[in-house]
>>> print(open('data-v1.cif').read())   # mmCIF, C-alpha atoms
data_structure
loop_
_atom_site.label_atom_id
_atom_site.label_comp_id
_atom_site.auth_asym_id
_atom_site.auth_seq_id
_atom_site.Cartn_x
_atom_site.Cartn_y
_atom_site.Cartn_z
CA MET A 1 -68.65 -32.66 7.68
CA LYS A 2 -68.49 -33.69 4.03
CA LYS A 3 -68.70 -30.04 3.00
CA VAL A 4 -65.89 -29.12 5.40
CA PHE A 5 -63.73 -31.95 4.10
CA LEU A 6 -64.38 -30.90 0.49
CA LEU A 7 -63.42 -27.32 1.30
CA ILE A 8 -60.17 -28.50 2.87
CA CYS A 9 -59.35 -30.51 -0.24
CA ILE A 10 -59.99 -27.55 -2.48
CA ILE A 11 -57.67 -25.44 -0.37
CA ILE A 12 -54.94 -28.09 -0.49
CA ILE A 13 -55.29 -28.46 -4.27
CA ALA A 14 -55.18 -24.71 -4.72
CA GLY A 15 -52.08 -24.59 -2.55
CA CYS A 16 -50.42 -27.28 -4.61
CA ASN A 17 -51.23 -25.47 -7.80
CA LYS A 18 -49.77 -22.32 -6.38
CA ASN A 19 -46.60 -24.15 -5.39
CA ASN A 20 -46.37 -25.61 -8.87
CA THR A 21 -46.21 -22.12 -10.34
CA LEU A 22 -43.41 -20.95 -8.07
CA SER A 23 -40.88 -18.62 -9.68
CA HIS A 24 -37.37 -19.62 -10.64
CA ALA A 25 -35.75 -17.12 -8.26
CA SER A 26 -36.45 -14.35 -5.79
CA GLY A 27 -34.61 -11.15 -5.06
CA VAL A 28 -34.60 -7.55 -3.97
CA PHE A 29 -34.54 -4.46 -6.17
CA GLU A 30 -31.36 -2.41 -5.94
CA THR A 31 -30.00 0.80 -7.43
CA GLU A 32 -26.53 1.70 -8.63
CA ASP A 33 -25.77 4.29 -5.94
CA VAL A 34 -23.32 7.14 -6.48
CA ILE A 35 -21.77 8.94 -3.51
CA VAL A 36 -20.92 12.51 -4.48
CA SER A 37 -17.90 13.85 -2.60
CA ALA A 38 -16.37 17.31 -2.30
CA LEU A 39 -13.75 18.04 -4.95
CA ALA A 40 -12.57 21.24 -3.25
CA MET A 41 -11.76 22.32 0.29
CA GLY A 42 -13.53 25.13 2.11
CA GLU A 43 -16.80 26.28 3.58
CA ILE A 44 -19.97 25.04 1.90
CA VAL A 45 -21.61 28.40 1.21
CA LYS A 46 -24.61 26.95 -0.62
CA PHE A 47 -26.16 23.49 -0.63
CA ASN A 48 -29.86 23.44 -1.49
CA ILE A 49 -30.91 19.84 -1.95
CA GLU A 50 -33.14 17.56 0.09
CA GLU A 51 -33.48 13.81 0.23
CA GLY A 52 -35.90 12.65 -2.45
CA ALA A 53 -35.10 15.54 -4.77
CA VAL A 54 -34.92 14.68 -8.47
CA LEU A 55 -31.75 16.02 -10.11
CA GLN A 56 -30.70 16.36 -13.72
CA LYS A 57 -27.20 15.42 -14.86
CA ASP A 58 -24.67 18.26 -14.26
CA MET A 59 -27.22 20.27 -12.24
CA ILE A 60 -25.45 22.62 -9.80
CA VAL A 61 -26.86 22.05 -6.30
CA GLY A 62 -24.36 24.05 -4.26
CA ASN A 63 -20.84 25.40 -4.09
CA ILE A 64 -17.81 25.62 -1.85
CA ASP A 65 -16.22 29.01 -1.10
CA ASP A 66 -13.91 29.95 -3.99
CA THR A 67 -13.08 33.54 -2.98
CA GLN A 68 -9.36 32.93 -2.47
CA LEU A 69 -9.12 31.10 -5.77
CA LYS A 70 -10.65 34.02 -7.66
CA LEU A 71 -8.31 36.48 -5.91
CA LYS A 72 -5.31 34.32 -6.83
CA LYS A 73 -6.53 34.27 -10.43
CA LEU A 74 -6.67 38.09 -10.50
CA GLN A 75 -3.14 38.22 -9.14
CA LEU A 76 -1.88 35.91 -11.86
CA GLN A 77 -3.72 37.86 -14.55
CA ASN A 78 -1.96 41.04 -13.36
CA ALA A 79 1.36 39.19 -13.45
CA ILE A 80 0.68 38.21 -17.06
CA TYR A 81 -0.10 41.83 -17.97
CA SER A 82 3.15 42.96 -16.32
CA ALA A 83 5.21 40.28 -18.09
CA GLU A 84 3.70 40.96 -21.50
CA SER A 85 4.49 44.67 -21.10
CA ARG A 86 8.19 43.70 -21.08
CA LEU A 87 7.96 42.04 -24.47
CA ILE A 88 10.09 43.81 -27.07
CA ASN A 89 8.58 44.90 -30.38
CA ILE A 90 11.37 43.51 -32.53
CA ASP A 91 10.31 45.23 -35.76
CA THR A 92 10.26 48.63 -34.05
CA GLN A 93 13.65 48.10 -32.39
CA LEU A 94 15.28 46.92 -35.63
CA ALA A 95 13.86 49.71 -37.77
CA PRO A 96 16.81 52.16 -37.20
CA ILE A 97 19.37 49.40 -37.88
CA ASP A 98 17.51 48.36 -41.04
CA GLU A 99 17.60 51.97 -42.22
CA GLU A 100 21.34 52.06 -41.54
CA ILE A 101 21.85 48.80 -43.45
CA ALA A 102 19.85 50.12 -46.39
CA LYS A 103 21.96 53.31 -46.43
CA TYR A 104 25.26 51.39 -46.40
CA LYS A 105 23.97 49.05 -49.07
CA LYS A 106 23.37 52.02 -51.38
CA GLU A 107 26.79 53.40 -50.50
CA VAL A 108 28.46 50.10 -51.39
CA ALA A 109 26.73 50.15 -54.80
CA ARG A 110 27.64 53.80 -55.34
CA PHE A 111 31.33 53.39 -54.39
CA THR A 112 31.58 50.25 -56.48
CA ASN A 113 30.58 52.28 -59.53
CA LEU A 114 32.93 55.12 -58.51
CA VAL A 115 35.88 52.74 -58.22
CA LYS A 116 35.10 51.32 -61.65
CA SER A 117 35.16 54.83 -63.07
CA ASN A 118 38.29 55.73 -61.06
CA ALA A 119 36.34 58.45 -59.20
CA ALA A 120 37.05 56.78 -55.82
CA ASN A 121 39.76 54.52 -54.47
CA GLN A 122 39.49 50.94 -53.23
CA LYS A 123 40.00 51.92 -49.57
CA GLN A 124 36.88 54.05 -49.61
CA LEU A 125 34.91 51.12 -51.00
CA ASP A 126 36.39 48.77 -48.40
CA ASP A 127 35.46 51.17 -45.57
CA VAL A 128 31.86 51.35 -46.78
CA LYS A 129 31.67 47.55 -47.09
CA ALA A 130 33.08 47.20 -43.55
CA ALA A 131 30.42 49.59 -42.22
CA TYR A 132 27.74 47.65 -44.10
CA ASN A 133 28.92 44.28 -42.69
CA ALA A 134 29.13 45.76 -39.18
CA ALA A 135 25.51 46.94 -39.47
CA LEU A 136 24.44 43.44 -40.58
CA LYS A 137 26.24 41.85 -37.58
CA LYS A 138 24.71 44.43 -35.27
CA ARG A 139 21.26 43.53 -36.56
CA THR A 140 21.86 39.79 -36.12
CA ALA A 141 23.15 40.28 -32.55
CA SER A 142 20.28 42.60 -31.63
CA LEU A 143 17.70 40.25 -33.12
CA ASP A 144 19.13 37.26 -31.22
CA THR A 145 19.15 39.18 -27.92
CA MET A 146 15.59 40.42 -28.33
CA GLN A 147 14.28 36.99 -29.40
CA GLN A 148 15.88 35.36 -26.34
CA ASN A 149 14.41 38.05 -24.09
CA ASN A 150 10.92 37.56 -25.57
CA LYS A 151 11.25 33.78 -25.32
CA VAL A 152 11.97 34.02 -21.59
CA ILE A 153 8.96 36.30 -21.10
CA GLU A 154 6.70 34.04 -23.22
CA ASN A 155 7.71 31.03 -21.11
CA GLU A 156 6.94 33.03 -17.99
CA VAL A 157 3.52 33.98 -19.38
CA ASN A 158 2.78 30.37 -20.38
CA GLY A 159 3.63 29.24 -16.86
CA LEU A 160 1.24 31.83 -15.42
CA LYS A 161 -1.48 30.76 -17.83
CA ILE A 162 -1.05 27.14 -16.71
CA GLN A 163 -1.51 28.25 -13.11
CA ILE A 164 -4.68 30.12 -14.11
CA ALA A 165 -5.95 26.98 -15.86
CA GLN A 166 -5.34 25.02 -12.66
CA ILE A 167 -7.23 27.64 -10.66
CA ASP A 168 -10.10 27.59 -13.17
CA ASP A 169 -10.26 23.82 -12.74
CA ASN A 170 -10.38 24.20 -8.95
CA ILE A 171 -13.06 26.89 -9.24
CA GLU A 172 -15.09 24.53 -11.41
CA LYS A 173 -14.64 21.79 -8.81
CA SER A 174 -15.96 24.11 -6.10
CA TYR A 175 -19.40 23.80 -7.69
CA ILE A 176 -21.31 20.80 -6.33
CA LYS A 177 -22.92 19.02 -9.28
CA ALA A 178 -25.03 15.95 -9.85
CA PRO A 179 -22.85 13.51 -11.83
CA ILE A 180 -25.93 11.63 -13.09
CA GLY A 181 -29.62 12.20 -13.38
CA GLY A 182 -31.50 10.62 -10.52
CA VAL A 183 -32.91 10.91 -7.02
CA VAL A 184 -31.11 12.05 -3.86
CA LEU A 185 -31.13 9.12 -1.43
CA THR A 186 -29.12 10.49 1.50
CA LYS A 187 -27.71 13.88 2.42
CA TYR A 188 -24.49 13.88 4.44
CA ALA A 189 -23.65 17.59 4.72
CA ASN A 190 -25.28 20.99 5.16
CA ALA A 191 -24.53 24.56 4.17
CA TYR A 192 -21.90 26.40 6.27
CA GLU A 193 -20.08 23.21 7.18
CA PHE A 194 -16.40 22.87 6.28
CA ALA A 195 -15.63 20.40 3.53
CA GLN A 196 -12.40 18.55 2.98
CA ILE A 197 -11.59 17.06 -0.41
CA GLY A 198 -13.25 13.65 -0.52
CA LYS A 199 -15.89 14.45 2.12
CA PRO A 200 -19.18 12.70 1.16
CA LEU A 201 -21.89 15.25 0.47
CA PHE A 202 -24.84 13.20 -0.73
CA LYS A 203 -25.79 9.87 -2.25
CA MET A 204 -27.97 9.54 -5.32
CA ALA A 205 -29.11 6.90 -7.77
CA ASP A 206 -30.62 6.67 -11.22
CA VAL A 207 -34.03 5.09 -10.57
CA SER A 208 -35.16 5.05 -14.21
CA THR A 209 -33.88 1.48 -14.21
CA LEU A 210 -33.54 -0.80 -11.20
CA ILE A 211 -31.50 -3.93 -10.69
CA LEU A 212 -33.12 -7.04 -9.25
CA ARG A 213 -30.43 -9.08 -7.51
CA ALA A 214 -31.78 -12.63 -7.44
CA TYR A 215 -30.27 -15.94 -6.40
CA VAL A 216 -30.61 -19.14 -8.40
CA THR A 217 -29.59 -22.71 -7.79
CA ALA A 218 -27.09 -24.53 -9.98
CA ASP A 219 -29.76 -26.36 -11.99
CA ILE A 220 -31.36 -23.03 -12.97
CA LEU A 221 -27.99 -21.40 -13.60
CA THR A 222 -27.14 -23.90 -16.33
CA GLN A 223 -30.23 -22.82 -18.27
CA VAL A 224 -29.72 -19.05 -18.34
CA LYS A 225 -27.16 -16.73 -19.93
CA LEU A 226 -26.41 -13.04 -20.28
CA ASN A 227 -29.02 -10.95 -22.12
CA ASP A 228 -31.74 -13.55 -21.55
CA THR A 229 -35.09 -11.96 -20.77
CA ALA A 230 -37.12 -12.66 -17.68
CA THR A 231 -40.55 -11.83 -16.33
CA ILE A 232 -40.34 -9.98 -13.04
CA MET A 233 -43.27 -10.00 -10.63
CA ALA A 234 -42.86 -7.13 -8.17
CA ASP A 235 -44.45 -7.62 -4.77
CA PHE A 236 -46.66 -4.65 -3.88
CA GLY A 237 -48.12 -6.39 -0.83
CA LYS A 238 -51.43 -8.14 -0.16
CA GLU A 239 -50.78 -10.56 -3.03
CA ASN A 240 -50.72 -7.64 -5.44
CA MET A 241 -48.08 -8.57 -8.02
CA LYS A 242 -47.19 -6.49 -11.07
CA LYS A 243 -45.29 -7.91 -14.04
CA TYR A 244 -42.24 -6.34 -15.67
CA THR A 245 -39.79 -7.49 -18.32
CA GLY A 246 -36.11 -7.56 -17.46
CA SER A 247 -32.79 -8.59 -18.98
CA ILE A 248 -29.93 -10.47 -17.33
CA ILE A 249 -26.90 -8.15 -17.22
CA TRP A 250 -24.62 -10.05 -14.82
CA ILE A 251 -24.14 -13.60 -13.54
CA SER A 252 -21.82 -14.37 -10.66
CA ASP A 253 -18.95 -16.73 -11.40
CA LYS A 254 -18.89 -18.19 -7.92
CA ALA A 255 -21.39 -19.74 -5.56
CA GLU A 256 -22.33 -18.34 -2.17
CA PHE A 257 -24.54 -19.32 0.72
CA THR A 258 -28.18 -18.34 0.45
CA PRO A 259 -28.79 -14.92 2.08
CA LYS A 260 -31.18 -15.31 5.00
CA THR A 261 -33.47 -12.61 3.65
CA ILE A 262 -33.82 -14.19 0.19
CA PRO A 263 -35.99 -17.34 -0.06
CA THR A 264 -34.98 -19.59 -2.93
CA ARG A 265 -37.00 -21.92 -5.10
CA ASP A 266 -35.22 -24.99 -3.75
CA GLU A 267 -34.90 -24.70 0.03
CA ARG A 268 -32.69 -27.79 0.09
CA SER A 269 -29.91 -25.99 -1.76
CA ASN A 270 -27.49 -24.05 0.39
CA LEU A 271 -25.26 -22.74 -2.36
CA VAL A 272 -26.71 -20.34 -4.94
CA TYR A 273 -25.47 -17.98 -7.64
CA ALA A 274 -26.32 -14.29 -7.80
CA VAL A 275 -27.68 -12.76 -10.98
CA LYS A 276 -28.57 -9.17 -11.79
CA ILE A 277 -31.61 -8.40 -13.90
CA GLN A 278 -32.13 -4.88 -15.22
CA VAL A 279 -35.72 -3.66 -15.16
CA GLN A 280 -37.15 -0.46 -16.61
CA ASN A 281 -38.91 1.45 -13.85
CA ASP A 282 -42.38 2.81 -14.57
CA GLY A 283 -42.26 4.89 -11.40
CA TYR A 284 -43.77 2.30 -9.10
CA LEU A 285 -40.71 0.20 -8.33
CA ARG A 286 -38.73 1.12 -5.23
CA LYS A 287 -35.37 0.15 -3.88
CA GLY A 288 -35.72 -2.69 -1.38
CA MET A 289 -38.91 -4.16 -2.85
CA TYR A 290 -39.07 -7.93 -3.34
CA GLY A 291 -39.51 -9.50 -6.74
CA GLU A 292 -40.05 -12.95 -8.20
CA VAL A 293 -38.32 -14.08 -11.41
CA LEU A 294 -39.50 -16.34 -14.19
CA PHE A 295 -36.82 -16.85 -16.83
CA ASN A 296 -38.58 -16.77 -20.18
CA ASN A 297 -36.59 -19.62 -21.71
CA ILE A 298 -37.36 -21.96 -18.80
CA ALA A 299 -40.80 -23.44 -18.25
CA ALA A 300 -42.01 -23.13 -14.68
CA GLU A 301 -42.27 -26.51 -12.99
#
>>> encode(input="data-v1.cif", output="structure tokens")
Amino acid sequence: MKKVFLLICIIIIAGCNKNNTLSHASGVFETEDVIVSALAMGEIVKFNIEEGAVLQKDMIVGNIDDTQLKLKKLQLQNAIYSAESRLINIDTQLAPIDEEIAKYKKEVARFTNLVKSNAANQKQLDDVKAAYNAALKKRTASLDTMQQNNKVIENEVNGLKIQIAQIDDNIEKSYIKAPIGGVVLTKYANAYEFAQIGKPLFKMADVSTLILRAYVTADILTQVKLNDTATIMADFGKENMKKYTGSIIWISDKAEFTPKTIPTRDERSNLVYAVKIQVQNDGYLRKGMYGEVLFNNIAAE
């Protein structure tokens, strides 16, 4: 009986010691999930991902039918070719007028000398000058008309190019890409289904770092701040705990009632504050696992 009593005492003492080394907070590991939605409308012609697949950032995992977009782009490209063919080569069109102006300019100089030497009269000089000025006005009018014509066509071409840019953007959006590097958590769609813009296609998360959402009482809250480090003990079952180092990245500014699934250090406290602790994942941590927190600047009681 004495031996049994002694064994019971040892167990009680061990239990007390264990309670005395309780953590400051408990929580569950979370991920920052990203739901990838369709950015284009049409049939999903290719979608080759599975849940659990590891994706790299910007990796193309499928695409939505873009046939009509490409045909529309070809149509606009042909329209640009047709419009540009109507552009006037101003230098070529003005060449005959410039030759005429040059001829009259020489005539004006020649008749000016003839008048000075009394070999021609003033009327002949005036007629040549009038022809010269008429040629200059003709050039100015022709140049203005051709420039306005080309400006209209250039505006038309620019408008068509803007439409092509919009189509190129929509074609790019028809490719289904991973916005981040991470793991596919849930797949919502399959190939050959019809997608509307905004339709969820899959959910993924970056699991290289996990977030432990823990809950602390007010007395603990007053002793921690952003960027403080903490020791995280991840629960792998059967009392197998593994230690990690984390950093506080968020502290709630309002209290809430203790979640039923999260045991707290002080069971008498109903109101707690949520904190997020970022932990580098070595590949063993999983979303939904439980973890215990010891804030490094607070001594465990």
>>> atom_distance(input="data-v1.cif", atom1="atom CA of Thr112 of chain A", atom2="atom CA of Ile97 of chain A")
22.3 Å
>>> axis_aligned_box(input="data-v1.cif", around="segment 283-299 of chain A", padding_each_side="5 Å", output="AutoDock Vina command-line options")
--center_x -39.6 --center_y -9.3 --center_z -11.5 --size_x 18.4 --size_y 38.3 --size_z 30.3
>>> closest_residue(input="data-v1.cif", among="A:Ser247, A:Thr209, A:Thr222, A:Gln124", to="Tyr284 of chain A", atoms="all atoms listed in the file")
A:Thr209
>>> residues_around(input="data-v1.cif", residues="Ile232 of chain A", least_positions_apart="4", cutoff="9 Å", atoms="only C-alpha atoms", output="ChimeraX atom specification")
/A:212,242-246,277,279,291-295
>>> residues_near_point(input="data-v1.cif", point="(-39.6, -13.8, -4.2)", cutoff="7 Å", atoms="only C-alpha atoms", output="compact mmCIF listing (two decimals) with C-alpha atoms, keeping the file's coordinate frame")
# COMPACT_ATOMS: atom_id res chain seq x y z
CA ALA A 25 -35.75 -17.12 -8.26
CA SER A 26 -36.45 -14.35 -5.79
CA GLY A 27 -34.61 -11.15 -5.06
CA PRO A 263 -35.99 -17.34 -0.06
CA TYR A 290 -39.07 -7.93 -3.34
CA GLY A 291 -39.51 -9.50 -6.74
CA GLU A 292 -40.05 -12.95 -8.20
>>> resolve_selection(input="data-v1.cif", expression="the PyMOL selection byres ((chain A and resi 248) around 7)", output="list of chain:residue names")
A:Leu226, A:Asn227, A:Asp228, A:Thr229, A:Gly246, A:Ser247, A:Ile249, A:Trp250, A:Lys276, A:Ile277, A:Gln278
>>> closest_residue(input="data-v1.cif", among="A:Ile180, A:Ala131, A:Met41, A:Ile167", to="Glu100 of chain A", atoms="all atoms listed in the file")
A:Ala131
>>> atom_distance(input="data-v1.cif", atom1="atom CA of Ile90 of chain A", atom2="atom CA of Asn78 of chain A")
23.5 Å
>>> closest_residue(input="data-v1.cif", among="A:Glu154, A:Glu107, A:Asp282, A:Glu193", to="Leu210 of chain A", atoms="only C-alpha atoms")
A:Asp282
>>> resolve_selection(input="data-v1.cif", expression="the PyMOL selection byres ((chain A and resi 216) around 6)", output="number ranges by chain")
A: 25, 215, 217, 272-273
>>> residues_around(input="data-v1.cif", residues="Glu30 of chain A", least_positions_apart="4", cutoff="9 Å", atoms="all atoms listed in the file", output="count of residues only")
8
>>> residues_around(input="data-v1.cif", residues="Asn133 of chain A", least_positions_apart="5", cutoff="10 Å", atoms="all atoms listed in the file", output="VMD selection string")
chain A and resid 101 104 to 105 127 to 128 138 to 139
>>> closest_atom_pairs(input="data-v1.cif", of="segment 110-203 of chain A", to="segment 64-74 of chain A", cutoff="10 Å", atoms="all atoms listed in the file", output="Markdown table")
| residue | atom | partner | partner_atom | distance |
| --- | --- | --- | --- | --- |
| A:Leu160 | CA | A:Lys73 | CA | 9.6 |
| A:Lys161 | CA | A:Lys73 | CA | 9.6 |
| A:Gln163 | CA | A:Lys73 | CA | 8.3 |
| A:Ile164 | CA | A:Lys73 | CA | 5.8 |
| A:Ala165 | CA | A:Lys73 | CA | 9.1 |
| A:Gln166 | CA | A:Lys73 | CA | 9.6 |
| A:Ile167 | CA | A:Leu69 | CA | 6.3 |
| A:Asp168 | CA | A:Lys73 | CA | 8.1 |
| A:Asn170 | CA | A:Leu69 | CA | 7.7 |
| A:Ile171 | CA | A:Asp66 | CA | 6.1 |
| A:Glu172 | CA | A:Asp66 | CA | 9.3 |
| A:Lys173 | CA | A:Ile64 | CA | 8.6 |
| A:Ser174 | CA | A:Ile64 | CA | 4.9 |
| A:Tyr175 | CA | A:Ile64 | CA | 6.3 |
| A:Ile176 | CA | A:Ile64 | CA | 7.5 |
| A:Ala191 | CA | A:Ile64 | CA | 9.1 |
| A:Tyr192 | CA | A:Ile64 | CA | 9.1 |
| A:Glu193 | CA | A:Ile64 | CA | 9.6 |
| A:Phe194 | CA | A:Ile64 | CA | 8.7 |
| A:Ala195 | CA | A:Ile64 | CA | 7.8 |
>>> decode(input="data-v1.cif", residues="segment 241-251 of chain A", atoms="all heavy atoms", output="short mmCIF file (atom, residue, chain, number, x, y, z; two decimals), in the first residue's frame")
data_model
loop_
_atom_site.label_atom_id
_atom_site.label_comp_id
_atom_site.auth_asym_id
_atom_site.auth_seq_id
_atom_site.Cartn_x
_atom_site.Cartn_y
_atom_site.Cartn_z
N MET A 241 5.79 16.55 -29.63
CA MET A 241 5.77 17.98 -29.90
C MET A 241 7.09 18.39 -30.56
O MET A 241 8.16 17.93 -30.18
CB MET A 241 5.59 18.77 -28.61
CG MET A 241 4.38 18.36 -27.79
SD MET A 241 2.81 18.78 -28.57
CE MET A 241 2.74 20.53 -28.21
N LYS A 242 6.98 19.25 -31.57
CA LYS A 242 8.16 19.73 -32.27
C LYS A 242 8.20 21.25 -32.16
O LYS A 242 7.19 21.91 -32.35
CB LYS A 242 8.13 19.31 -33.74
CG LYS A 242 9.41 19.61 -34.49
CD LYS A 242 9.38 19.01 -35.90
CE LYS A 242 10.68 19.30 -36.63
NZ LYS A 242 10.68 18.72 -38.00
N LYS A 243 9.36 21.80 -31.88
CA LYS A 243 9.48 23.23 -31.63
C LYS A 243 9.82 24.00 -32.91
O LYS A 243 10.62 23.56 -33.72
CB LYS A 243 10.54 23.51 -30.57
CG LYS A 243 10.14 23.07 -29.16
CD LYS A 243 11.19 23.50 -28.16
CE LYS A 243 10.77 23.10 -26.74
NZ LYS A 243 11.77 23.53 -25.74
N TYR A 244 9.20 25.18 -33.03
CA TYR A 244 9.48 26.10 -34.13
C TYR A 244 9.59 27.50 -33.55
O TYR A 244 9.11 27.77 -32.44
CB TYR A 244 8.36 26.09 -35.17
CG TYR A 244 8.20 24.77 -35.90
CD1 TYR A 244 7.41 23.75 -35.37
CD2 TYR A 244 8.82 24.56 -37.12
CE1 TYR A 244 7.26 22.55 -36.03
CE2 TYR A 244 8.67 23.36 -37.80
CZ TYR A 244 7.88 22.36 -37.25
OH TYR A 244 7.73 21.17 -37.92
N THR A 245 10.21 28.38 -34.30
CA THR A 245 10.29 29.79 -33.90
C THR A 245 9.38 30.61 -34.80
O THR A 245 9.41 30.46 -36.03
CB THR A 245 11.73 30.32 -34.01
OG1 THR A 245 12.56 29.57 -33.14
CG2 THR A 245 11.79 31.80 -33.62
N GLY A 246 8.56 31.45 -34.19
CA GLY A 246 7.64 32.28 -34.95
C GLY A 246 7.74 33.73 -34.56
O GLY A 246 8.42 34.10 -33.59
N SER A 247 7.04 34.58 -35.32
CA SER A 247 7.05 36.02 -35.06
C SER A 247 5.62 36.53 -35.10
O SER A 247 4.84 36.17 -35.99
CB SER A 247 7.91 36.73 -36.11
OG SER A 247 7.85 38.13 -35.93
N ILE A 248 5.27 37.38 -34.16
CA ILE A 248 3.92 37.94 -34.10
C ILE A 248 3.74 38.96 -35.22
O ILE A 248 4.48 39.94 -35.31
CB ILE A 248 3.65 38.61 -32.74
CG1 ILE A 248 3.79 37.60 -31.60
CG2 ILE A 248 2.24 39.22 -32.72
CD1 ILE A 248 3.65 38.21 -30.22
N ILE A 249 2.77 38.73 -36.10
CA ILE A 249 2.56 39.64 -37.23
C ILE A 249 1.23 40.40 -37.12
O ILE A 249 0.98 41.32 -37.90
CB ILE A 249 2.60 38.87 -38.57
CG1 ILE A 249 1.50 37.81 -38.61
CG2 ILE A 249 3.96 38.26 -38.80
CD1 ILE A 249 1.34 37.15 -39.97
N TRP A 250 0.37 40.02 -36.17
CA TRP A 250 -0.91 40.70 -36.04
C TRP A 250 -1.46 40.45 -34.65
O TRP A 250 -1.34 39.35 -34.10
CB TRP A 250 -1.89 40.18 -37.10
CG TRP A 250 -3.29 40.74 -37.00
CD1 TRP A 250 -3.72 41.95 -37.45
CD2 TRP A 250 -4.43 40.09 -36.42
NE1 TRP A 250 -5.06 42.10 -37.19
CE2 TRP A 250 -5.54 40.97 -36.57
CE3 TRP A 250 -4.64 38.87 -35.80
CZ2 TRP A 250 -6.81 40.65 -36.10
CZ3 TRP A 250 -5.91 38.54 -35.34
CH2 TRP A 250 -6.97 39.43 -35.50
N ILE A 251 -2.04 41.50 -34.07
CA ILE A 251 -2.72 41.40 -32.77
C ILE A 251 -4.07 42.07 -32.90
O ILE A 251 -4.17 43.22 -33.34
CB ILE A 251 -1.90 42.08 -31.64
CG1 ILE A 251 -0.51 41.43 -31.52
CG2 ILE A 251 -2.64 42.00 -30.32
CD1 ILE A 251 0.39 42.12 -30.52
#
